[in-house]
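Engineer: Let me begin by handing over the structure; questions about it come next.
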Amino acid sequence: MTAARTPILEVRGLTTGYGDLVVVRELSFDVFPGEITVLLGRNGAGKTTTLRALSGLNPLLAGSVRLEGADLGRVQAGARVRKGLSYVQEGKRVFHRLSVEQNLLMGGYSLGVARRRLEGEIERIYSLFPILKEKRHDRAGSMSGGQQQMLAIGQALMAQPKVLLLDEPSGGLAPVIVNEVFRTVQQLKQDGLAVLLVEQAVEASLAIADTVTVLDVGRAVFSARTSERTDMLEAVKESYMGHMGA
């Protein structure tokens, strides 16, 4: 008998948006340690809005978000980082005028620990992304888009998250760089981190996903574990066309 799995992040009936505009309605899913959960959907489906609500940047209009059983509904964005929820926003958002190493230090300040300990964390990031160590004294803005994406992920990892929220890490990157980023995401999964990945690169995402949920106009129209479907790609494509892939 397979042991029951316990989700680290539980989303139930999530409803959120911008002001009076409701974008996501009654969305529910779980994220598990050592797994990659992927949210797919067309532009405007509500994927980024979902991540913003989970990270505390958008209001929770209804429903609940729980991290390790604790309700995050009234927890501010900064406090969510300290509790173990790190968000890598779309667009490789780094401090362009700071060096690579300064960017990483900024990512670790939420821990409230001595610089010596942060330097130990930096070495861990360098082991994941050797190119960052090579360029550690360079200004972040001088690096390629792929390198900036690696830095953005490294910066989020400096906070030692339990759940990593990744928004479109493949956006604007060459396929070879996308593969490198996704290999790192897989390594994080193997290290026990829970990853919630928002993507439009369907086939690349399915190759690393444990669970897939497809959004359309703010609602889940398909959800399944990849291990339980032999026709996952076809099912996801059907859901994109407005049909249930069950």
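Chain lettering (A, B, ...) mirrors the order of the structure tokens, residue numbering begins at 1 for each chain separately, and ligand numbering begins at 1 in order of display.
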Find the spatial neighbours of A:Leu173, counting only C-alpha atoms, within a cut-off of 9 Å - ignore same-chain residues fewer than 6 positions away - and output them as a PDB file with N, CA and C atoms, in the first residue's frame.
Structural biologist:
ATOM      1  N   GLY A 145      20.271  37.095 -20.764  1.00  0.00           N
ATOM      2  CA  GLY A 145      18.957  36.826 -20.183  1.00  0.00           C
ATOM      3  C   GLY A 145      18.913  35.515 -19.426  1.00  0.00           C
ATOM      4  N   GLY A 146      19.558  34.478 -19.974  1.00  0.00           N
ATOM      5  CA  GLY A 146      19.579  33.188 -19.302  1.00  0.00           C
ATOM      6  C   GLY A 146      20.317  33.239 -17.986  1.00  0.00           C
ATOM      7  N   GLN A 149      18.218  34.909 -15.443  1.00  0.00           N
ATOM      8  CA  GLN A 149      17.178  34.015 -14.933  1.00  0.00           C
ATOM      9  C   GLN A 149      17.752  33.098 -13.867  1.00  0.00           C
TER      10      GLN A 149
END
Engineer: Find the residues near A:Thr226: any atom within 9 Å, counting only C-alpha atoms, skip ones fewer than 3 places away on the same chain, and give them as a list in words.
Structural biologist: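 That gives Leu206, Ala209, Asp210, Thr211, Val212, Arg229, Thr230, Asp231 and Met232 of chain A.
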Engineer: Kindly export the residues of the current selection with N, CA and C atoms, as a PDB file, in the first residue's frame.
Structural biologist:
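Full text of again_27.pdb as output:
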ATOM      1  N   LEU A 206       5.794  19.292 -19.203  1.00  0.00           N
ATOM      2  CA  LEU A 206       5.285  17.948 -18.950  1.00  0.00           C
ATOM      3  C   LEU A 206       6.419  16.958 -18.715  1.00  0.00           C
ATOM      4  N   ALA A 209       7.160  17.448 -14.949  1.00  0.00           N
ATOM      5  CA  ALA A 209       6.056  17.630 -14.008  1.00  0.00           C
ATOM      6  C   ALA A 209       5.657  16.332 -13.312  1.00  0.00           C
ATOM      7  N   ASP A 210       5.214  16.477 -12.071  1.00  0.00           N
ATOM      8  CA  ASP A 210       4.564  15.377 -11.349  1.00  0.00           C
ATOM      9  C   ASP A 210       3.045  15.534 -11.406  1.00  0.00           C
ATOM     10  N   THR A 211       2.593  16.775 -11.334  1.00  0.00           N
ATOM     11  CA  THR A 211       1.164  17.084 -11.412  1.00  0.00           C
ATOM     12  C   THR A 211       0.968  18.273 -12.340  1.00  0.00           C
ATOM     13  N   VAL A 212      -0.098  18.232 -13.122  1.00  0.00           N
ATOM     14  CA  VAL A 212      -0.390  19.292 -14.079  1.00  0.00           C
ATOM     15  C   VAL A 212      -1.821  19.782 -13.869  1.00  0.00           C
ATOM     16  N   ARG A 229      -1.398   9.154 -16.291  1.00  0.00           N
ATOM     17  CA  ARG A 229      -1.888   9.352 -17.646  1.00  0.00           C
ATOM     18  C   ARG A 229      -0.813   8.963 -18.653  1.00  0.00           C
ATOM     19  N   THR A 230      -1.171   8.123 -19.587  1.00  0.00           N
ATOM     20  CA  THR A 230      -0.257   7.794 -20.682  1.00  0.00           C
ATOM     21  C   THR A 230      -0.476   8.733 -21.866  1.00  0.00           C
ATOM     22  N   ASP A 231      -1.578   9.489 -21.804  1.00  0.00           N
ATOM     23  CA  ASP A 231      -1.922  10.404 -22.894  1.00  0.00           C
ATOM     24  C   ASP A 231      -1.911  11.852 -22.417  1.00  0.00           C
ATOM     25  N   MET A 232      -0.962  12.180 -21.519  1.00  0.00           N
ATOM     26  CA  MET A 232      -0.976  13.491 -20.869  1.00  0.00           C
ATOM     27  C   MET A 232      -0.904  14.633 -21.878  1.00  0.00           C
TER      28      MET A 232
END
Engineer: Could you tell me, as a PyMOL selection string, which residues of chain A DSSP assigns to alpha helix (DSSP H) when given the backbone?
Structural biologist: chain A and resi 47-55+77-83+100-108+115-128+130-134+145-157+175-190+202-206+232-240
Engineer: Check the DSSP output for the backbone and give back, as a ChimeraX atom specification, the residues of stretch 4-226 of chain A in strand (DSSP E).
Structural biologist: /A:9-18,21-31,36-40,60-67,70-71,85-88,163-167,194-198,211-216,219-225
Engineer: Residues within 12 Å of A:Leu188, please, as an mmCIF file with N, CA and C atoms, in the first residue's frame. Count only C-alpha atoms; anything in the same chain fewer than 5 positions from it doesn't count.
Structural biologist:
data_model
loop_
_atom_site.group_PDB
_atom_site.id
_atom_site.type_symbol
_atom_site.label_atom_id
_atom_site.label_comp_id
_atom_site.auth_asym_id
_atom_site.auth_seq_id
_atom_site.Cartn_x
_atom_site.Cartn_y
_atom_site.Cartn_z
ATOM 1 N N PRO A 33 6.151 18.172 -1.260
ATOM 2 C CA PRO A 33 7.616 18.231 -1.182
ATOM 3 C C PRO A 33 8.254 17.275 -2.192
ATOM 4 N N GLY A 34 9.339 17.698 -2.799
ATOM 5 C CA GLY A 34 10.037 16.841 -3.741
ATOM 6 C C GLY A 34 9.271 16.574 -5.015
ATOM 7 N N GLU A 35 8.337 17.475 -5.356
ATOM 8 C CA GLU A 35 7.567 17.333 -6.594
ATOM 9 C C GLU A 35 7.472 18.670 -7.310
ATOM 10 N N ILE A 36 7.211 18.577 -8.617
ATOM 11 C CA ILE A 36 6.997 19.759 -9.442
ATOM 12 C C ILE A 36 5.539 19.783 -9.887
ATOM 13 N N ARG A 124 26.329 27.397 -2.036
ATOM 14 C CA ARG A 124 25.357 26.384 -2.479
ATOM 15 C C ARG A 124 24.742 26.798 -3.822
ATOM 16 N N ILE A 125 24.434 28.089 -3.957
ATOM 17 C CA ILE A 125 23.876 28.581 -5.215
ATOM 18 C C ILE A 125 24.901 28.455 -6.334
ATOM 19 N N SER A 127 27.119 26.225 -6.618
ATOM 20 C CA SER A 127 27.212 24.820 -7.024
ATOM 21 C C SER A 127 26.093 24.454 -7.994
ATOM 22 N N LEU A 128 24.938 25.132 -7.871
ATOM 23 C CA LEU A 128 23.822 24.900 -8.789
ATOM 24 C C LEU A 128 24.052 25.610 -10.114
ATOM 25 N N PHE A 129 24.610 26.816 -10.040
ATOM 26 C CA PHE A 129 24.813 27.648 -11.231
ATOM 27 C C PHE A 129 26.274 28.100 -11.278
ATOM 28 N N ILE A 153 16.576 32.962 -9.857
ATOM 29 C CA ILE A 153 16.252 31.731 -9.124
ATOM 30 C C ILE A 153 17.174 31.586 -7.919
ATOM 31 N N GLY A 154 18.467 31.838 -8.134
ATOM 32 C CA GLY A 154 19.418 31.748 -7.030
ATOM 33 C C GLY A 154 19.083 32.707 -5.912
ATOM 34 N N LEU A 157 16.336 31.280 -3.909
ATOM 35 C CA LEU A 157 16.787 30.134 -3.124
ATOM 36 C C LEU A 157 17.584 30.552 -1.896
ATOM 37 N N GLN A 160 16.143 30.125 1.480
ATOM 38 C CA GLN A 160 15.923 28.743 1.929
ATOM 39 C C GLN A 160 14.435 28.372 1.943
ATOM 40 N N PRO A 161 13.778 28.507 0.799
ATOM 41 C CA PRO A 161 12.331 28.242 0.761
ATOM 42 C C PRO A 161 11.994 26.762 0.903
ATOM 43 N N LYS A 162 10.768 26.531 1.327
ATOM 44 C CA LYS A 162 10.202 25.188 1.322
ATOM 45 C C LYS A 162 9.397 24.961 0.046
ATOM 46 N N VAL A 163 8.862 26.071 -0.502
ATOM 47 C CA VAL A 163 8.128 26.042 -1.764
ATOM 48 C C VAL A 163 8.675 27.155 -2.650
ATOM 49 N N LEU A 164 9.030 26.810 -3.882
ATOM 50 C CA LEU A 164 9.523 27.787 -4.845
ATOM 51 C C LEU A 164 8.468 27.999 -5.919
ATOM 52 N N VAL A 181 17.979 25.443 -17.315
ATOM 53 C CA VAL A 181 17.163 25.916 -16.195
ATOM 54 C C VAL A 181 16.267 24.800 -15.684
ATOM 55 N N PHE A 182 15.635 24.057 -16.604
ATOM 56 C CA PHE A 182 14.749 22.975 -16.197
ATOM 57 C C PHE A 182 15.518 21.837 -15.519
ATOM 58 N N ARG A 183 16.745 21.594 -15.944
ATOM 59 C CA ARG A 183 17.558 20.580 -15.260
ATOM 60 C C ARG A 183 17.820 20.994 -13.818
ATOM 61 N N LEU A 193 12.820 19.971 -2.524
ATOM 62 C CA LEU A 193 12.066 21.224 -2.603
ATOM 63 C C LEU A 193 10.754 21.015 -3.351
ATOM 64 N N ALA A 194 9.715 21.695 -2.902
ATOM 65 C CA ALA A 194 8.439 21.718 -3.629
ATOM 66 C C ALA A 194 8.476 22.874 -4.614
ATOM 67 N N VAL A 195 8.128 22.608 -5.868
ATOM 68 C CA VAL A 195 8.181 23.624 -6.909
ATOM 69 C C VAL A 195 6.806 23.765 -7.554
ATOM 70 N N LEU A 196 6.324 25.013 -7.639
ATOM 71 C CA LEU A 196 5.105 25.326 -8.389
ATOM 72 C C LEU A 196 5.536 26.141 -9.590
ATOM 73 N N ILE A 208 8.992 17.301 -16.950
ATOM 74 C CA ILE A 208 9.522 17.336 -15.588
ATOM 75 C C ILE A 208 8.424 17.362 -14.532
#
Engineer: A:Ser223: which residues within 12 Å, counting only C-alpha atoms, same-chain residues fewer than 5 positions away excluded, as a list of chain:residue names?
Structural biologist: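 So the residues in contact are A:Leu27, A:Ser28, A:Phe29, A:Asp30, A:Thr37, A:Val38, A:Leu39, A:Leu40, A:Gly41, A:Ala209, A:Asp210, A:Thr211, A:Val212, A:Thr213, A:Val214, A:Leu215, A:Asp216, A:Glu228, A:Arg229, A:Met232, A:Ala235, A:Val236, A:Ser239, A:Met244, A:Gly245, A:Ala246.
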